[in-house]
Amino acid sequence: MALTEIVFFSIFLMFTLQPSTSVEVCPVLCGTQLIRFPFRLNTQPGRCGYPRFDLSCKNEAHAILTLPFSGGFTVVNIDYTFQNIWIEDPDSCAPRRILQGLNLAGTPFDLLEPRSYTFFNCSSASSTVPKLAEAKLISCLSGKDFSVVAIPTERLDLPASLSTLCSEMAKVLLPLSLSDWSDPGDGFILTWNEPDCKLCESRAGTCMFKNDTGTDVGCSGGFND
Ligand SMILES: *[C@@H]1O[C@H](CO)[C@@H](O)[C@H](O)[C@H]1NC(C)=O
Ligand SMILES: *[C@@H]1O[C@H](CO)[C@@H](O)[C@H](O)[C@H]1NC(C)=O
C-alpha cells in the first residue's frame, strides 16, 4: 500500500473503532503527518490531546512542536508505538539549538539516550583537524578557516595537537540520533513516558482519555494478544 493509502486506511479504522462514548478522538493530518492522541493540533478541542502535547500546523504542511524555553522545531515523524518524536531545526542546524541550551522543562519529553559531548572550536579547516575516531565534525557550525567538532566527553584523552588548535566551547548532552550520525545536522529524537499508550498502540487499539474530565487513559478496540 502507498503511504497515503495506509494513512487514510488508519484514519478510517480509527473512526470505525471509535467507541460510542463522548470521549473525543480526533485524528487529523498536517501535510502527511498523522496527528492523533496524545498529540493534537492547537486548533482542535483541548480534550483531543493530552496536556502539553500541542502541535501547530504551519502552512498546512509541517507540524511544529514548540518547546516553552527552546522554541519551535519541525516534526519529521511521530512513532506512536515507541513513543518517540523526531524533530529538526527549521534552519537545519540542530547542534546550534542544543548549544543554545535545549531546555525540556515543562514539557513531557526527554532526550532519547543522551550522551555527553564536548564541543571544540578549532582554528583550522576541517581537513587539518586531527582525525579522532569519535569526533564529529559539525559542518553547520564550521566556517572556512575554523571547524567545530564534538567529542564524547568520556573520550577526552586529547592528543596535544587538538588542545593547541582547539578551544573548548561547551559540554552538552546530545540525544542518540545526533550523536550517532557522522555529521549530525538536522534532527534528533525526543521520547515521552506519560501517557503510556505503548501496549494499546502495539495492539492496534485507540488510546484515549477514559472519561470527559480526568487524565487517566485507556484503550479502545485492538486485539488482545
Ligand atoms: C570559532 O572561532 C572563530 C575564530 O577563531 C570565530 O570566528 C567563530 O565564530 C567561532 N565559531 C563558533 C561557532 O563559536
Ligand atoms: C474521571 O476520571 C477521573 C480520574 O482520572 C476521576 O477522578 C473522575 O471522578 C472521573 N469522572 C467521572 C465523571 O467519571
# chains A, B, ... in the order shown; residues from 1 in each chain; ligands from 1
>>> residues_near_ligand(ligand="ligand 1", cutoff="10 Å", atoms="only C-alpha atoms and all ligand atoms", output="ChimeraX atom specification")
/A:96,99,119-124,138,140-149,165-170
>>> closest_atom_pairs(of="chain A", to="ligand 2", cutoff="7 Å", atoms="only C-alpha atoms and all ligand atoms", output="JSON lines")
{"residue": "A:Lys210", "atom": "CA", "partner": "ligand 2", "partner_atom_place_in_ligand_line": "2 (O)", "distance": 6.6}
{"residue": "A:Asn211", "atom": "CA", "partner": "ligand 2", "partner_atom_place_in_ligand_line": "1 (C)", "distance": 5.0}
{"residue": "A:Asp212", "atom": "CA", "partner": "ligand 2", "partner_atom_place_in_ligand_line": "1 (C)", "distance": 6.5}
{"residue": "A:Thr213", "atom": "CA", "partner": "ligand 2", "partner_atom_place_in_ligand_line": "1 (C)", "distance": 5.2}
{"residue": "A:Gly214", "atom": "CA", "partner": "ligand 2", "partner_atom_place_in_ligand_line": "5 (O)", "distance": 3.5}
{"residue": "A:Thr215", "atom": "CA", "partner": "ligand 2", "partner_atom_place_in_ligand_line": "5 (O)", "distance": 4.8}
{"residue": "A:Asp216", "atom": "CA", "partner": "ligand 2", "partner_atom_place_in_ligand_line": "5 (O)", "distance": 4.2}
>>> write_last_selection(atoms="N, CA and C atoms", output="PDB file, in the first residue's frame")
ATOM      1  N   LYS A 210     -10.109   8.158  29.533  1.00  0.00           N
ATOM      2  CA  LYS A 210     -11.149   7.238  29.997  1.00  0.00           C
ATOM      3  C   LYS A 210     -12.491   7.936  30.150  1.00  0.00           C
ATOM      4  N   ASN A 211     -12.444   9.213  30.548  1.00  0.00           N
ATOM      5  CA  ASN A 211     -13.705   9.937  30.681  1.00  0.00           C
ATOM      6  C   ASN A 211     -13.527  11.397  30.279  1.00  0.00           C
ATOM      7  N   ASP A 212     -14.564  12.183  30.471  1.00  0.00           N
ATOM      8  CA  ASP A 212     -14.578  13.541  29.945  1.00  0.00           C
ATOM      9  C   ASP A 212     -13.735  14.535  30.738  1.00  0.00           C
ATOM     10  N   THR A 213     -13.347  14.166  31.961  1.00  0.00           N
ATOM     11  CA  THR A 213     -12.698  15.176  32.780  1.00  0.00           C
ATOM     12  C   THR A 213     -11.300  14.784  33.254  1.00  0.00           C
ATOM     13  N   GLY A 214     -11.057  13.517  33.512  1.00  0.00           N
ATOM     14  CA  GLY A 214      -9.782  13.111  34.106  1.00  0.00           C
ATOM     15  C   GLY A 214      -8.683  12.987  33.065  1.00  0.00           C
ATOM     16  N   THR A 215      -7.482  12.642  33.540  1.00  0.00           N
ATOM     17  CA  THR A 215      -6.379  12.428  32.606  1.00  0.00           C
ATOM     18  C   THR A 215      -5.946  10.962  32.570  1.00  0.00           C
ATOM     19  N   ASP A 216      -6.735  10.067  33.157  1.00  0.00           N
ATOM     20  CA  ASP A 216      -6.440   8.638  33.005  1.00  0.00           C
ATOM     21  C   ASP A 216      -6.728   8.234  31.567  1.00  0.00           C
TER      22      ASP A 216
END
>>> select_by_dssp(residues="range 46-218 of chain A", states="helix (DSSP H, G or I)", output="PyMOL selection string")
chain A and resi 46-48+94-99+126-128+139-141+153-155+160-165+176-180+198-202
>>> residues_around(residues="Phe223 in chain A", least_positions_apart="4", cutoff="12 Å", atoms="only C-alpha atoms", output="short mmCIF file (atom, residue, chain, number, x, y, z; two decimals) with N, CA, C and O atoms, in the first residue's frame")
data_model
loop_
_atom_site.label_atom_id
_atom_site.label_comp_id
_atom_site.auth_asym_id
_atom_site.auth_seq_id
_atom_site.Cartn_x
_atom_site.Cartn_y
_atom_site.Cartn_z
N LEU A 17 -13.49 2.44 14.74
CA LEU A 17 -13.28 1.85 16.06
C LEU A 17 -13.69 2.80 17.18
O LEU A 17 -13.64 2.46 18.34
N LEU A 199 1.35 -0.24 24.99
CA LEU A 199 0.71 -1.54 24.86
C LEU A 199 -0.52 -1.42 23.96
O LEU A 199 -0.75 -2.24 23.07
N CYS A 200 -1.30 -0.37 24.18
CA CYS A 200 -2.50 -0.14 23.39
C CYS A 200 -2.16 0.01 21.91
O CYS A 200 -2.77 -0.61 21.04
N GLU A 201 -1.13 0.81 21.64
CA GLU A 201 -0.72 1.05 20.25
C GLU A 201 -0.23 -0.24 19.61
O GLU A 201 -0.52 -0.52 18.45
N SER A 202 0.54 -1.03 20.38
CA SER A 202 1.11 -2.24 19.79
C SER A 202 0.02 -3.27 19.50
O SER A 202 0.22 -4.19 18.74
N ARG A 203 -1.15 -3.08 20.13
CA ARG A 203 -2.28 -3.98 19.84
C ARG A 203 -3.29 -3.34 18.90
O ARG A 203 -4.44 -3.77 18.83
N ALA A 204 -2.86 -2.26 18.24
CA ALA A 204 -3.70 -1.56 17.26
C ALA A 204 -4.97 -0.98 17.87
O ALA A 204 -5.98 -0.81 17.20
N GLY A 205 -4.90 -0.70 19.18
CA GLY A 205 -6.04 -0.06 19.83
C GLY A 205 -5.99 1.45 19.67
O GLY A 205 -5.04 2.00 19.12
N THR A 206 -7.03 2.11 20.17
CA THR A 206 -7.08 3.56 20.16
C THR A 206 -6.92 4.06 21.59
O THR A 206 -7.77 3.79 22.44
N CYS A 219 -7.71 2.15 26.65
CA CYS A 219 -7.51 1.65 25.30
C CYS A 219 -8.84 1.14 24.77
O CYS A 219 -9.56 0.42 25.46
#
>>> closest_residue(among="A:Leu104, A:Ile64, A:Leu41, A:Ala135", to="Glu88 in chain A", atoms="only C-alpha atoms")
A:Ile64
>>> residues_around(residues="Glu154 in chain A", least_positions_apart="5", cutoff="12 Å", atoms="only C-alpha atoms", output="ChimeraX atom specification")
/A:115-118,134-135,171
>>> write_last_selection(atoms="all heavy atoms", output="PDB file, in the first residue's frame")
ATOM      1  N   ARG A 115      23.922  11.424  25.603  1.00  0.00           N
ATOM      2  CA  ARG A 115      25.325  11.143  25.885  1.00  0.00           C
ATOM      3  C   ARG A 115      26.058  12.484  25.911  1.00  0.00           C
ATOM      4  O   ARG A 115      25.775  13.355  25.090  1.00  0.00           O
ATOM      5  CB  ARG A 115      25.863  10.265  24.748  1.00  0.00           C
ATOM      6  CG  ARG A 115      27.274   9.804  24.934  1.00  0.00           C
ATOM      7  CD  ARG A 115      27.669   8.910  23.762  1.00  0.00           C
ATOM      8  NE  ARG A 115      28.996   8.342  23.969  1.00  0.00           N
ATOM      9  CZ  ARG A 115      29.694   7.706  23.024  1.00  0.00           C
ATOM     10  NH1 ARG A 115      29.177   7.558  21.826  1.00  0.00           N
ATOM     11  NH2 ARG A 115      30.883   7.232  23.282  1.00  0.00           N
ATOM     12  N   SER A 116      26.981  12.623  26.848  1.00  0.00           N
ATOM     13  CA  SER A 116      27.672  13.899  26.999  1.00  0.00           C
ATOM     14  C   SER A 116      28.738  14.080  25.921  1.00  0.00           C
ATOM     15  O   SER A 116      29.593  13.206  25.704  1.00  0.00           O
ATOM     16  CB  SER A 116      28.317  13.972  28.387  1.00  0.00           C
ATOM     17  OG  SER A 116      29.098  15.136  28.477  1.00  0.00           O
ATOM     18  N   TYR A 117      28.671  15.206  25.243  1.00  0.00           N
ATOM     19  CA  TYR A 117      29.674  15.571  24.238  1.00  0.00           C
ATOM     20  C   TYR A 117      30.299  16.902  24.610  1.00  0.00           C
ATOM     21  O   TYR A 117      29.633  17.781  25.165  1.00  0.00           O
ATOM     22  CB  TYR A 117      29.032  15.709  22.847  1.00  0.00           C
ATOM     23  CG  TYR A 117      28.934  14.400  22.107  1.00  0.00           C
ATOM     24  CD1 TYR A 117      27.989  13.445  22.472  1.00  0.00           C
ATOM     25  CD2 TYR A 117      29.801  14.108  21.057  1.00  0.00           C
ATOM     26  CE1 TYR A 117      27.904  12.233  21.806  1.00  0.00           C
ATOM     27  CE2 TYR A 117      29.722  12.896  20.386  1.00  0.00           C
ATOM     28  CZ  TYR A 117      28.774  11.960  20.770  1.00  0.00           C
ATOM     29  OH  TYR A 117      28.702  10.769  20.114  1.00  0.00           O
ATOM     30  N   THR A 118      31.595  17.049  24.289  1.00  0.00           N
ATOM     31  CA  THR A 118      32.251  18.339  24.452  1.00  0.00           C
ATOM     32  C   THR A 118      32.513  18.923  23.071  1.00  0.00           C
ATOM     33  O   THR A 118      33.021  18.230  22.179  1.00  0.00           O
ATOM     34  CB  THR A 118      33.564  18.182  25.236  1.00  0.00           C
ATOM     35  OG1 THR A 118      33.255  17.557  26.487  1.00  0.00           O
ATOM     36  CG2 THR A 118      34.201  19.533  25.506  1.00  0.00           C
ATOM     37  N   GLU A 134      36.058   9.201  17.349  1.00  0.00           N
ATOM     38  CA  GLU A 134      34.668   9.506  17.643  1.00  0.00           C
ATOM     39  C   GLU A 134      34.335  10.991  17.527  1.00  0.00           C
ATOM     40  O   GLU A 134      33.280  11.422  17.949  1.00  0.00           O
ATOM     41  CB  GLU A 134      34.306   8.987  19.032  1.00  0.00           C
ATOM     42  CG  GLU A 134      34.232   7.468  19.051  1.00  0.00           C
ATOM     43  CD  GLU A 134      33.379   6.993  20.200  1.00  0.00           C
ATOM     44  OE1 GLU A 134      32.167   7.270  20.199  1.00  0.00           O
ATOM     45  OE2 GLU A 134      33.933   6.365  21.112  1.00  0.00           O
ATOM     46  N   ALA A 135      35.257  11.780  16.972  1.00  0.00           N
ATOM     47  CA  ALA A 135      34.972  13.203  16.800  1.00  0.00           C
ATOM     48  C   ALA A 135      34.013  13.391  15.639  1.00  0.00           C
ATOM     49  O   ALA A 135      34.147  12.767  14.592  1.00  0.00           O
ATOM     50  CB  ALA A 135      36.263  13.962  16.545  1.00  0.00           C
ATOM     51  N   LYS A 171      30.012  21.781  27.043  1.00  0.00           N
ATOM     52  CA  LYS A 171      29.730  20.361  27.273  1.00  0.00           C
ATOM     53  C   LYS A 171      28.210  20.228  27.265  1.00  0.00           C
ATOM     54  O   LYS A 171      27.537  20.908  28.037  1.00  0.00           O
ATOM     55  CB  LYS A 171      30.303  19.977  28.642  1.00  0.00           C
ATOM     56  CG  LYS A 171      30.740  18.555  28.790  1.00  0.00           C
ATOM     57  CD  LYS A 171      31.504  18.374  30.090  1.00  0.00           C
ATOM     58  CE  LYS A 171      32.996  18.450  29.832  1.00  0.00           C
ATOM     59  NZ  LYS A 171      33.841  18.963  30.848  1.00  0.00           N
TER      60      LYS A 171
END
>>> closest_residue(among="A:Ser163, A:Ser139, A:Thr81, A:Asn42", to="Leu65 in chain A", atoms="only C-alpha atoms")
A:Asn42
>>> residues_around(residues="range 52-56 of chain A", least_positions_apart="4", cutoff="9 Å", atoms="only C-alpha atoms", output="MDAnalysis selection string")
chainID A and resid 30 35 37:43 46 62:66 75 106:108
>>> select_by_dssp(residues="range 9-218 of chain A", states="strand (DSSP E)", output="PyMOL selection string")
chain A and resi 28-30+33-35+40-41+54-58+62-67+71-79+84-88+109-111+115-122+136-137+147-152+166-174+187-192+206-209+217-218
